[in-house]
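*Asks:* Here you go, work-v5.cif (mmCIF, C-alpha atoms and all ligand atoms):
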data_entry
#
loop_
_atom_site.label_atom_id
_atom_site.label_comp_id
_atom_site.auth_asym_id
_atom_site.auth_seq_id
_atom_site.Cartn_x
_atom_site.Cartn_y
_atom_site.Cartn_z
CA MET F 936 0.00 0.00 0.00
CA GLY F 937 2.77 2.42 1.05
CA LYS F 938 4.74 1.44 -2.03
CA GLU F 939 1.82 2.17 -4.38
CA LYS F 940 1.48 5.66 -2.93
CA ALA F 941 5.20 6.31 -3.36
CA LEU F 942 4.98 5.30 -7.02
CA ASN F 943 1.87 7.30 -7.79
CA ILE F 944 2.91 10.71 -6.49
CA PRO F 945 5.79 11.35 -8.92
CA VAL F 946 3.58 10.44 -11.89
CA VAL F 947 0.95 12.99 -10.92
CA ARG F 948 3.63 15.61 -10.38
CA LYS F 949 5.13 14.91 -13.81
CA VAL F 950 1.74 15.38 -15.53
CA LEU F 951 1.29 18.72 -13.76
CA GLU F 952 4.86 19.83 -14.56
CA VAL F 953 4.45 19.06 -18.26
CA ASN F 954 1.16 20.92 -18.21
CA GLU F 955 2.76 23.95 -16.53
CA ARG F 956 5.40 24.16 -19.26
CA ILE F 957 2.78 24.15 -22.01
CA ALA F 958 0.71 26.69 -20.07
CA GLU F 959 3.76 28.98 -19.87
CA GLU F 960 4.14 28.78 -23.65
CA ASN F 961 0.46 29.69 -24.02
CA ARG F 962 0.98 32.61 -21.64
CA ARG F 963 3.93 33.91 -23.68
CA LEU F 964 1.74 33.89 -26.78
CA PHE F 965 -1.07 35.72 -24.93
CA ASP F 966 1.38 38.35 -23.67
CA GLU F 967 2.88 38.82 -27.12
CA LYS F 968 -0.63 39.43 -28.53
CA ARG F 969 -1.43 41.77 -25.58
CA MET F 970 -4.84 40.18 -25.03
CA LEU F 971 -6.45 39.46 -21.66
CA VAL F 972 -7.10 35.75 -21.15
CA LEU F 973 -9.51 34.38 -18.53
CA ASN F 974 -10.11 30.83 -17.33
CA LEU F 975 -13.81 30.67 -16.40
CA MET F 976 -14.68 27.88 -13.96
CA SER F 977 -17.81 26.70 -12.14
CA SER F 978 -20.05 23.73 -11.44
CA PRO F 979 -22.26 22.62 -14.33
CA GLY F 980 -25.01 25.16 -14.94
CA ALA F 981 -23.77 27.98 -12.68
CA GLY F 982 -24.06 30.35 -15.64
CA LYS F 983 -20.69 30.48 -17.45
CA THR F 984 -22.12 30.63 -20.97
CA THR F 985 -24.92 33.01 -19.96
CA LEU F 986 -22.37 35.34 -18.35
CA LEU F 987 -20.31 35.22 -21.54
CA GLU F 988 -23.34 36.04 -23.70
CA THR F 989 -24.19 39.04 -21.49
CA THR F 990 -20.55 40.18 -21.38
CA ILE F 991 -20.13 39.92 -25.15
CA ASP F 992 -23.28 41.94 -25.78
CA ARG F 993 -21.98 44.72 -23.50
CA LEU F 994 -18.46 44.84 -24.95
CA LYS F 995 -18.50 43.68 -28.54
CA ASP F 996 -18.85 47.16 -30.10
CA ARG F 997 -15.62 48.23 -28.37
CA TRP F 998 -13.61 45.01 -27.96
CA THR F 999 -12.67 42.11 -30.21
CA ILE F 1000 -13.52 38.94 -28.29
CA GLY F 1001 -12.77 35.25 -28.69
CA VAL F 1002 -14.12 32.29 -26.71
CA ILE F 1003 -12.79 28.76 -26.32
CA GLU F 1004 -15.56 26.48 -25.10
CA GLY F 1005 -14.62 23.37 -23.13
CA ASP F 1006 -17.23 20.65 -22.85
CA LEU F 1007 -17.44 16.90 -22.40
CA GLN F 1008 -19.47 16.59 -25.58
CA THR F 1009 -21.58 18.70 -27.97
CA THR F 1010 -20.89 22.04 -29.64
CA ALA F 1011 -23.93 23.63 -27.98
CA ASP F 1012 -22.10 26.33 -26.00
CA ALA F 1013 -19.83 27.34 -28.92
CA GLU F 1014 -22.95 27.66 -31.10
CA ARG F 1015 -24.61 29.88 -28.46
CA ILE F 1016 -21.50 32.09 -28.38
CA ALA F 1017 -21.05 32.23 -32.17
CA CYS F 1018 -24.61 33.63 -32.44
CA HIS F 1019 -23.30 36.76 -30.69
CA GLY F 1020 -20.90 37.46 -33.55
CA VAL F 1021 -17.57 36.66 -31.88
CA ARG F 1022 -14.87 34.10 -32.64
CA ALA F 1023 -15.63 30.73 -30.99
CA VAL F 1024 -13.87 27.38 -30.93
CA GLN F 1025 -15.11 24.25 -29.17
CA ILE F 1026 -12.92 21.71 -27.38
CA ASN F 1027 -14.59 18.38 -26.63
CA THR F 1028 -12.76 16.54 -23.88
CA GLU F 1029 -14.54 13.24 -24.71
CA GLY F 1030 -15.44 12.70 -21.07
CA GLY F 1031 -12.43 14.49 -19.50
CA CYS F 1032 -13.42 16.58 -16.50
CA HIS F 1033 -11.14 19.61 -17.14
CA LEU F 1034 -9.17 21.43 -19.83
CA ASP F 1035 -5.37 21.39 -19.88
CA GLY F 1036 -2.68 23.49 -21.48
CA ASN F 1037 -2.29 21.18 -24.45
CA MET F 1038 -5.99 21.24 -25.34
CA VAL F 1039 -5.96 25.03 -25.23
CA ARG F 1040 -2.84 25.18 -27.40
CA ALA F 1041 -4.57 22.99 -30.02
CA ALA F 1042 -7.64 25.25 -29.91
CA LEU F 1043 -5.47 28.35 -30.38
CA ASP F 1044 -4.29 26.91 -33.72
CA ARG F 1045 -7.93 26.94 -34.84
CA MET F 1046 -8.64 30.54 -33.82
CA ASP F 1047 -7.64 33.85 -35.45
CA LEU F 1048 -5.91 35.64 -32.56
CA GLU F 1049 -5.12 38.84 -34.45
CA GLY F 1050 -6.50 41.95 -32.77
CA LEU F 1051 -8.18 40.12 -29.87
CA ASP F 1052 -8.65 42.20 -26.73
CA LEU F 1053 -10.22 39.43 -24.67
CA LEU F 1054 -10.09 35.65 -24.87
CA VAL F 1055 -12.26 33.70 -22.44
CA ILE F 1056 -11.78 29.98 -21.94
CA GLU F 1057 -14.95 28.38 -20.55
CA ASN F 1058 -13.72 25.34 -18.66
CA VAL F 1059 -15.67 22.10 -18.29
CA GLY F 1060 -18.45 22.40 -15.69
CA ASN F 1061 -16.73 21.09 -12.56
CA LEU F 1062 -15.74 22.85 -9.34
CA VAL F 1063 -12.81 20.56 -8.52
CA CYS F 1064 -10.52 19.29 -11.32
CA PRO F 1065 -10.13 22.47 -13.45
CA ALA F 1066 -8.47 24.13 -10.45
CA GLU F 1067 -5.44 21.83 -10.79
CA PHE F 1068 -4.54 22.69 -14.38
CA GLU F 1069 -3.01 25.96 -15.53
CA LEU F 1070 -3.96 26.96 -19.05
CA GLY F 1071 -1.71 30.02 -19.35
CA GLU F 1072 -4.49 32.46 -18.43
CA HIS F 1073 -3.93 35.83 -16.76
CA GLU F 1074 -6.83 35.42 -14.36
CA LYS F 1075 -8.98 32.62 -13.01
CA VAL F 1076 -12.62 33.56 -12.59
CA VAL F 1077 -14.95 31.32 -10.60
CA ILE F 1078 -18.73 31.52 -10.73
CA LEU F 1079 -20.88 30.26 -7.87
CA SER F 1080 -24.63 30.52 -8.32
CA VAL F 1081 -26.81 31.09 -5.28
CA THR F 1082 -28.83 27.95 -6.08
CA GLU F 1083 -25.76 25.81 -5.27
CA GLY F 1084 -25.75 26.88 -1.61
CA ASP F 1085 -23.56 29.10 0.55
CA ASP F 1086 -21.46 26.18 1.87
CA LYS F 1087 -19.52 25.63 -1.37
CA PRO F 1088 -16.42 27.77 -0.63
CA ALA F 1089 -15.95 25.81 2.61
CA LYS F 1090 -16.52 22.43 0.94
CA TYR F 1091 -14.54 23.03 -2.27
CA PRO F 1092 -11.93 25.60 -1.20
CA THR F 1093 -9.25 25.05 -3.86
CA VAL F 1094 -10.89 26.88 -6.73
CA PHE F 1095 -11.77 29.82 -4.44
CA ARG F 1096 -8.17 29.95 -3.18
CA ILE F 1097 -6.64 30.22 -6.67
CA ALA F 1098 -9.20 32.53 -8.30
CA GLY F 1099 -8.73 36.27 -8.71
CA VAL F 1100 -12.45 36.96 -9.00
CA LEU F 1101 -15.59 35.28 -7.67
CA LEU F 1102 -18.86 36.05 -9.40
CA VAL F 1103 -21.85 35.16 -7.22
CA ASN F 1104 -24.43 34.56 -9.95
CA LYS F 1105 -28.22 34.24 -10.15
CA ILE F 1106 -28.82 36.87 -7.46
CA ASP F 1107 -32.25 37.39 -9.05
CA LEU F 1108 -33.16 34.05 -7.40
CA LEU F 1109 -32.14 35.06 -3.86
CA PRO F 1110 -35.74 35.62 -2.71
CA TYR F 1111 -36.52 31.98 -3.54
CA VAL F 1112 -33.49 30.05 -2.26
CA LYS F 1113 -31.87 29.51 1.11
CA CYS F 1114 -28.51 31.11 0.53
CA ASP F 1115 -26.69 33.79 2.52
CA VAL F 1116 -24.30 35.73 0.29
CA ASN F 1117 -22.48 37.00 3.40
CA VAL F 1118 -21.55 33.40 4.24
CA ILE F 1119 -20.17 32.98 0.71
CA ARG F 1120 -18.17 36.20 1.13
CA GLU F 1121 -16.80 35.30 4.57
CA THR F 1122 -15.81 31.71 3.80
CA SER F 1123 -14.23 32.48 0.44
CA LEU F 1124 -12.26 35.41 1.89
CA GLN F 1125 -11.00 33.10 4.62
CA VAL F 1126 -9.28 30.91 2.01
CA ASN F 1127 -8.34 33.85 -0.24
CA PRO F 1128 -8.27 37.32 1.37
CA ASP F 1129 -7.41 38.96 -1.99
CA LEU F 1130 -10.42 37.53 -3.81
CA ARG F 1131 -12.54 40.14 -5.60
CA ILE F 1132 -16.22 39.26 -5.11
CA LEU F 1133 -18.97 40.58 -7.35
CA GLU F 1134 -22.69 39.79 -7.13
CA VAL F 1135 -24.38 39.48 -10.51
CA SER F 1136 -27.30 38.11 -12.44
CA ALA F 1137 -26.06 37.06 -15.84
CA ALA F 1138 -29.70 36.58 -16.88
CA THR F 1139 -31.12 40.00 -15.89
CA GLY F 1140 -27.90 42.04 -16.14
CA GLU F 1141 -28.03 43.16 -12.48
CA GLY F 1142 -24.51 43.89 -11.19
CA ILE F 1143 -22.92 43.34 -14.60
CA GLU F 1144 -21.56 46.91 -14.74
CA GLY F 1145 -19.14 46.07 -11.90
CA TRP F 1146 -17.90 43.05 -13.83
CA ILE F 1147 -17.45 45.06 -17.05
CA GLN F 1148 -15.52 47.69 -15.06
CA TRP F 1149 -13.27 44.99 -13.60
CA LEU F 1150 -12.58 43.68 -17.13
CA GLU F 1151 -11.74 47.15 -18.41
CA ASP F 1152 -9.39 47.84 -15.48
CA ARG F 1153 -7.70 44.45 -15.86
CA LEU F 1154 -7.08 44.88 -19.60
CA ALA F 1155 -5.72 48.39 -19.00
CA ARG F 1156 -3.34 47.01 -16.34
CA LEU F 1157 -2.19 44.24 -18.66
CA ARG F 1158 -1.46 46.71 -21.46
CA ARG F 1159 0.42 49.02 -19.11
CA GLY F 1160 2.51 46.01 -18.13
CA ASP F 1161 1.48 46.03 -14.42
N1 LIG N 1201 -32.35 32.95 -12.95
C1 LIG N 1201 -31.15 32.91 -13.50
N2 LIG N 1201 -30.82 31.90 -14.32
C2 LIG N 1201 -29.59 31.90 -14.86
C3 LIG N 1201 -28.64 32.93 -14.62
N3 LIG N 1201 -27.50 32.61 -15.28
C4 LIG N 1201 -27.73 31.46 -15.92
N4 LIG N 1201 -29.00 31.03 -15.68
C5 LIG N 1201 -29.63 29.80 -16.19
O1 LIG N 1201 -28.91 28.68 -15.67
C6 LIG N 1201 -28.88 27.63 -16.64
C7 LIG N 1201 -27.44 27.24 -16.93
O2 LIG N 1201 -26.78 28.35 -17.52
P1 LIG N 1201 -25.49 28.20 -18.45
O3 LIG N 1201 -25.03 29.56 -18.78
O4 LIG N 1201 -25.77 27.26 -19.57
O5 LIG N 1201 -24.50 27.50 -17.42
P2 LIG N 1201 -23.04 26.92 -17.68
O6 LIG N 1201 -22.25 27.16 -16.45
O7 LIG N 1201 -22.48 27.48 -18.95
O8 LIG N 1201 -23.35 25.36 -17.84
P3 LIG N 1201 -22.36 24.20 -18.37
O9 LIG N 1201 -21.60 24.75 -19.54
O10 LIG N 1201 -23.28 23.09 -18.73
O11 LIG N 1201 -21.48 23.86 -17.20
C8 LIG N 1201 -29.62 28.17 -17.87
O12 LIG N 1201 -30.95 27.71 -17.82
C9 LIG N 1201 -29.54 29.67 -17.69
O13 LIG N 1201 -30.61 30.34 -18.33
C10 LIG N 1201 -29.02 33.99 -13.75
O14 LIG N 1201 -28.28 34.94 -13.46
N5 LIG N 1201 -30.28 33.92 -13.22
MG MG N 1202 -21.67 26.49 -20.62
#
Would you mind giving the structure from this file in structure tokens?
*Replies:*
Amino acid sequence: MGKEKALNIPVVRKVLEVNERIAEENRRLFDEKRMLVLNLMSSPGAGKTTLLETTIDRLKDRWTIGVIEGDLQTTADAERIACHGVRAVQINTEGGCHLDGNMVRAALDRMDLEGLDLLVIENVGNLVCPAEFELGEHEKVVILSVTEGDDKPAKYPTVFRIAGVLLVNKIDLLPYVKCDVNVIRETSLQVNPDLRILEVSAATGEGIEGWIQWLEDRLARLRRGD
């Protein structure tokens, strides 16, 4: 038993190290192109694609936007995004529970990166595994919808620890669900005191201005080289 553990650990480390190297190459390309790249993570159905649709509609007259859609199967999300008139590429993981640097690199070969201001990578719906794999992004954004419950940052702390921004989504449903946003704030700040927390409804647009402002500030910082 002890021997099995000793053999397994180096293999996992090696996979992560190889991934980190590829992610660094992706990051160099993103920096060269001076575009902001986000890794968008959440449980299935928390509202990643809806948030993207709302964000694109607010920004597309001013920004050139691309989206890489990660999914187990189907091209449904990429089709939803393409309807909004931006560049979209789908990655199907064929059952894999997260994206990795290599999958993103392959997707980049299929996307015109020229002139992009923002590239968002929608990860596979999963609150656990995507947190382990760097893609080369500048920021990790996690969405937690109020229908999932306020205990999630305590139960699944890793993704909240590594994210730069937490979007608490579906706040339009707060009158109907048992969820205390203050508990979400307190427990996620315990694992990550620097976490920026924004309350939004991707469906109604409530709170979206704060998110758009964060995006504008972050792109400006990137282009200033901060
Ligand atoms: N009421 C309400 N519903 C929302 C909101 N955001 C998303 N939804 C709904 O939640 C469901 C899932 O939304 P998606 O945007 O597809 O979620 P997702 O995270 O992209 O899902 P996967 O890609 O399958 O992981 C849809 O029925 C949306 O209409 C919101 O702010 N309020
Ligand atoms: Mg989606």
*Asks:* Rounded to one decimal place, report the atom CA of Thr989 of chain F-atom O9 of ligand LIG 1201 (chain N) distance in Å.
*Replies:*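 According to the coordinates, atom CA of Thr989 of chain F and atom O9 of ligand LIG 1201 (chain N) are separated by 14.7 Å.
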*Asks:* Where does chain F meet ligand MG 1202 (chain N) within 9 Å, residue by residue, with the nearest atom pair and distance in Å to one decimal for each, counting only C-alpha atoms and all ligand atoms, listed by chain and rising number, as JSON lines?
*Replies:*
{"residue": "F:Pro979", "atom": "CA", "partner": "N:MG1202", "partner_atom": "MG", "distance": 7.4}
{"residue": "F:Gly980", "atom": "CA", "partner": "N:MG1202", "partner_atom": "MG", "distance": 6.7}
{"residue": "F:Ala981", "atom": "CA", "partner": "N:MG1202", "partner_atom": "MG", "distance": 8.3}
{"residue": "F:Gly982", "atom": "CA", "partner": "N:MG1202", "partner_atom": "MG", "distance": 6.7}
{"residue": "F:Lys983", "atom": "CA", "partner": "N:MG1202", "partner_atom": "MG", "distance": 5.2}
{"residue": "F:Thr984", "atom": "CA", "partner": "N:MG1202", "partner_atom": "MG", "distance": 4.2}
{"residue": "F:Thr985", "atom": "CA", "partner": "N:MG1202", "partner_atom": "MG", "distance": 7.3}
{"residue": "F:Leu987", "atom": "CA", "partner": "N:MG1202", "partner_atom": "MG", "distance": 8.9}
{"residue": "F:Glu1004", "atom": "CA", "partner": "N:MG1202", "partner_atom": "MG", "distance": 7.6}
{"residue": "F:Gly1005", "atom": "CA", "partner": "N:MG1202", "partner_atom": "MG", "distance": 8.1}
{"residue": "F:Asp1006", "atom": "CA", "partner": "N:MG1202", "partner_atom": "MG", "distance": 7.7}
{"residue": "F:Ala1011", "atom": "CA", "partner": "N:MG1202", "partner_atom": "MG", "distance": 8.2}
{"residue": "F:Asp1012", "atom": "CA", "partner": "N:MG1202", "partner_atom": "MG", "distance": 5.4}
{"residue": "F:Ala1013", "atom": "CA", "partner": "N:MG1202", "partner_atom": "MG", "distance": 8.5}
{"residue": "F:Glu1057", "atom": "CA", "partner": "N:MG1202", "partner_atom": "MG", "distance": 7.0}
{"residue": "F:Asn1058", "atom": "CA", "partner": "N:MG1202", "partner_atom": "MG", "distance": 8.3}
{"residue": "F:Val1059", "atom": "CA", "partner": "N:MG1202", "partner_atom": "MG", "distance": 7.8}
{"residue": "F:Gly1060", "atom": "CA", "partner": "N:MG1202", "partner_atom": "MG", "distance": 7.2}
*Asks:* Taking only residues of segment 1019-1109 of chain F that have an atom at most 10 Å from an atom of segment 964-974 of chain F, what is each one's shortest atom pair and its distance in Å to one decimal, using only C-alpha atoms, in chain and number order, as a Markdown table?
*Replies:*
| residue | atom | partner | partner_atom | distance |
| --- | --- | --- | --- | --- |
| F:Leu1034 | CA | F:Asn974 | CA | 9.8 |
| F:Arg1040 | CA | F:Leu964 | CA | 9.9 |
| F:Leu1043 | CA | F:Leu964 | CA | 9.8 |
| F:Leu1048 | CA | F:Lys968 | CA | 7.6 |
| F:Glu1049 | CA | F:Lys968 | CA | 7.5 |
| F:Gly1050 | CA | F:Lys968 | CA | 7.7 |
| F:Leu1051 | CA | F:Met970 | CA | 5.9 |
| F:Asp1052 | CA | F:Met970 | CA | 4.6 |
| F:Leu1053 | CA | F:Leu971 | CA | 4.8 |
| F:Leu1054 | CA | F:Val972 | CA | 4.8 |
| F:Val1055 | CA | F:Leu973 | CA | 4.8 |
| F:Ile1056 | CA | F:Asn974 | CA | 5.0 |
| F:Glu1057 | CA | F:Asn974 | CA | 6.3 |
| F:Asn1058 | CA | F:Asn974 | CA | 6.7 |
| F:Pro1065 | CA | F:Asn974 | CA | 9.2 |
| F:Ala1066 | CA | F:Asn974 | CA | 9.7 |
| F:Glu1069 | CA | F:Asn974 | CA | 8.8 |
| F:Leu1070 | CA | F:Asn974 | CA | 7.5 |
| F:Gly1071 | CA | F:Phe965 | CA | 8.0 |
| F:Glu1072 | CA | F:Val972 | CA | 5.0 |
| F:His1073 | CA | F:Val972 | CA | 5.4 |
| F:Glu1074 | CA | F:Leu973 | CA | 5.1 |
| F:Lys1075 | CA | F:Asn974 | CA | 4.8 |
| F:Val1076 | CA | F:Asn974 | CA | 6.0 |
| F:Val1077 | CA | F:Asn974 | CA | 8.3 |
| F:Ala1098 | CA | F:Asn974 | CA | 9.2 |
*Asks:* Please return as a ChimeraX atom specification every residue within 12 Å of (-7.8, 36.7, 1.0), taking into account all atoms listed in the file and the file's own coordinates.
*Replies:* /F:1095-1101,1120-1132
*Asks:* Emit the selected residues as a short mmCIF file (atom, residue, chain, number, x, y, z; two decimals), in the frame of the given file, including C-alpha atoms.
*Replies:*
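And here's result-v2.cif as it stands now:
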data_model
loop_
_atom_site.label_atom_id
_atom_site.label_comp_id
_atom_site.auth_asym_id
_atom_site.auth_seq_id
_atom_site.Cartn_x
_atom_site.Cartn_y
_atom_site.Cartn_z
CA PHE F 1095 -11.77 29.82 -4.44
CA ARG F 1096 -8.17 29.95 -3.18
CA ILE F 1097 -6.64 30.22 -6.67
CA ALA F 1098 -9.20 32.53 -8.30
CA GLY F 1099 -8.73 36.27 -8.71
CA VAL F 1100 -12.45 36.96 -9.00
CA LEU F 1101 -15.59 35.28 -7.67
CA ARG F 1120 -18.17 36.20 1.13
CA GLU F 1121 -16.80 35.30 4.57
CA THR F 1122 -15.81 31.71 3.80
CA SER F 1123 -14.23 32.48 0.44
CA LEU F 1124 -12.26 35.41 1.89
CA GLN F 1125 -11.00 33.10 4.62
CA VAL F 1126 -9.28 30.91 2.01
CA ASN F 1127 -8.34 33.85 -0.24
CA PRO F 1128 -8.27 37.32 1.37
CA ASP F 1129 -7.41 38.96 -1.99
CA LEU F 1130 -10.42 37.53 -3.81
CA ARG F 1131 -12.54 40.14 -5.60
CA ILE F 1132 -16.22 39.26 -5.11
#
*Asks:* Which residue is closest to Thr1010 of chain F? Choose from F:Gln1025, F:Asp1035, F:Asp1161, F:Trp998 and count all atoms listed in the file.
*Replies:*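 Of F:Gln1025, F:Asp1035, F:Asp1161, F:Trp998, the one nearest Thr1010 of chain F is F:Gln1025, counting all atoms listed in the file.
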*Asks:* Neighbours of Gly1140 of chain F within 10 Å (only C-alpha atoms; same-chain residues fewer than 6 positions away dropped), as a list in words?
*Replies:* Leu986, Thr989, Thr990, Arg993, Lys1105 and Asp1107 of chain F
*Asks:* Nearest residue to ligand LIG 1201 (chain N) out of F:Asp1047, F:Glu988, F:Glu1029, F:Asp1085, using all atoms listed in the file?
*Replies:*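 Smallest separation from ligand LIG 1201 (chain N) among the options: F:Glu988.
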*Asks:* Considering all atoms listed in the file, state which residue in the set F:Val950, F:Gly1001, F:Val1094, F:Glu1083 is at the smallest distance from Cys1114 of chain F.
*Replies:* F:Glu1083
*Asks:* Which residue gives the smallest distance to Ala1041 of chain F among F:Ile1078, F:Ile1003, F:Ile1016, F:Val1063, with all atoms listed in the file counted?
*Replies:*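 Counting all atoms listed in the file, the residue closest to Ala1041 of chain F is F:Ile1003.
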*Asks:* Nearest to Gly1031 of chain F: which of F:Gln1008, F:Lys1087, F:Ile1119, F:Cys1018 is it, counting all atoms listed in the file?
*Replies:*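 Among F:Gln1008, F:Lys1087, F:Ile1119, F:Cys1018, it is F:Gln1008 that comes nearest to Gly1031 of chain F.
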*Asks:* Which value, in Å to one decimal, gives the distance between atom O14 of ligand LIG 1201 (chain N) and atom CA of Asn1027 of chain F?
*Replies:* 25.2 Å
*Asks:* What does the structure give for the distance between atom CA of Arg1153 of chain F and atom CA of Ala1017 of chain F, in Å to one decimal?
*Replies:*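 Taking atom CA of Arg1153 of chain F as the start and atom CA of Ala1017 of chain F as the end point, the length is 24.4 Å.
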*Asks:* Of the candidates F:Met976, F:Val953, F:Leu1157, F:Ile1147, which one gets nearest to ligand LIG 1201 (chain N) if we count all atoms listed in the file?
*Replies:* F:Met976
*Asks:* Save segment 971-978 of chain F from what I just supplied, as a PDB file, in the first residue's frame, atoms limited to all heavy atoms.
*Replies:*
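Once written, result_6.pdb looks like this:
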ATOM      1  N   LEU F 971      -6.133  39.965 -22.999  1.00  0.00           N
ATOM      2  CA  LEU F 971      -6.445  39.462 -21.661  1.00  0.00           C
ATOM      3  C   LEU F 971      -7.091  38.081 -21.801  1.00  0.00           C
ATOM      4  O   LEU F 971      -8.040  37.915 -22.575  1.00  0.00           O
ATOM      5  CB  LEU F 971      -7.420  40.428 -20.979  1.00  0.00           C
ATOM      6  CG  LEU F 971      -7.952  40.026 -19.606  1.00  0.00           C
ATOM      7  CD1 LEU F 971      -6.812  39.913 -18.588  1.00  0.00           C
ATOM      8  CD2 LEU F 971      -8.989  41.047 -19.129  1.00  0.00           C
ATOM      9  N   VAL F 972      -6.568  37.117 -21.043  1.00  0.00           N
ATOM     10  CA  VAL F 972      -7.096  35.750 -21.147  1.00  0.00           C
ATOM     11  C   VAL F 972      -7.612  35.283 -19.784  1.00  0.00           C
ATOM     12  O   VAL F 972      -6.907  35.347 -18.776  1.00  0.00           O
ATOM     13  CB  VAL F 972      -6.016  34.778 -21.685  1.00  0.00           C
ATOM     14  CG1 VAL F 972      -6.588  33.364 -21.809  1.00  0.00           C
ATOM     15  CG2 VAL F 972      -5.515  35.258 -23.042  1.00  0.00           C
ATOM     16  N   LEU F 973      -8.856  34.826 -19.767  1.00  0.00           N
ATOM     17  CA  LEU F 973      -9.509  34.383 -18.528  1.00  0.00           C
ATOM     18  C   LEU F 973      -9.845  32.905 -18.609  1.00  0.00           C
ATOM     19  O   LEU F 973     -10.257  32.411 -19.660  1.00  0.00           O
ATOM     20  CB  LEU F 973     -10.814  35.153 -18.319  1.00  0.00           C
ATOM     21  CG  LEU F 973     -10.767  36.671 -18.365  1.00  0.00           C
ATOM     22  CD1 LEU F 973     -12.170  37.230 -18.133  1.00  0.00           C
ATOM     23  CD2 LEU F 973      -9.801  37.222 -17.323  1.00  0.00           C
ATOM     24  N   ASN F 974      -9.692  32.228 -17.476  1.00  0.00           N
ATOM     25  CA  ASN F 974     -10.113  30.829 -17.328  1.00  0.00           C
ATOM     26  C   ASN F 974     -11.369  30.845 -16.454  1.00  0.00           C
ATOM     27  O   ASN F 974     -11.298  31.147 -15.266  1.00  0.00           O
ATOM     28  CB  ASN F 974      -8.972  30.053 -16.660  1.00  0.00           C
ATOM     29  CG  ASN F 974      -9.292  28.590 -16.421  1.00  0.00           C
ATOM     30  OD1 ASN F 974     -10.377  28.113 -16.737  1.00  0.00           O
ATOM     31  ND2 ASN F 974      -8.339  27.877 -15.824  1.00  0.00           N
ATOM     32  N   LEU F 975     -12.518  30.553 -17.080  1.00  0.00           N
ATOM     33  CA  LEU F 975     -13.811  30.674 -16.399  1.00  0.00           C
ATOM     34  C   LEU F 975     -14.246  29.301 -15.894  1.00  0.00           C
ATOM     35  O   LEU F 975     -14.427  28.370 -16.682  1.00  0.00           O
ATOM     36  CB  LEU F 975     -14.817  31.228 -17.411  1.00  0.00           C
ATOM     37  CG  LEU F 975     -16.204  31.634 -16.966  1.00  0.00           C
ATOM     38  CD1 LEU F 975     -16.152  32.665 -15.845  1.00  0.00           C
ATOM     39  CD2 LEU F 975     -16.975  32.214 -18.158  1.00  0.00           C
ATOM     40  N   MET F 976     -14.413  29.192 -14.578  1.00  0.00           N
ATOM     41  CA  MET F 976     -14.682  27.877 -13.964  1.00  0.00           C
ATOM     42  C   MET F 976     -15.933  27.940 -13.080  1.00  0.00           C
ATOM     43  O   MET F 976     -16.186  28.955 -12.429  1.00  0.00           O
ATOM     44  CB  MET F 976     -13.496  27.472 -13.089  1.00  0.00           C
ATOM     45  CG  MET F 976     -12.230  27.237 -13.888  1.00  0.00           C
ATOM     46  SD  MET F 976     -10.818  26.881 -12.826  1.00  0.00           S
ATOM     47  CE  MET F 976     -10.378  28.504 -12.301  1.00  0.00           C
ATOM     48  N   SER F 977     -16.656  26.822 -13.046  1.00  0.00           N
ATOM     49  CA  SER F 977     -17.807  26.702 -12.137  1.00  0.00           C
ATOM     50  C   SER F 977     -18.338  25.289 -12.202  1.00  0.00           C
ATOM     51  O   SER F 977     -17.944  24.508 -13.064  1.00  0.00           O
ATOM     52  CB  SER F 977     -18.939  27.662 -12.536  1.00  0.00           C
ATOM     53  OG  SER F 977     -19.714  27.127 -13.600  1.00  0.00           O
ATOM     54  N   SER F 978     -19.289  24.983 -11.328  1.00  0.00           N
ATOM     55  CA  SER F 978     -20.051  23.732 -11.438  1.00  0.00           C
ATOM     56  C   SER F 978     -20.880  23.773 -12.721  1.00  0.00           C
ATOM     57  O   SER F 978     -21.142  24.860 -13.246  1.00  0.00           O
ATOM     58  CB  SER F 978     -21.039  23.603 -10.289  1.00  0.00           C
ATOM     59  OG  SER F 978     -20.412  23.772  -9.073  1.00  0.00           O
TER      60      SER F 978
END
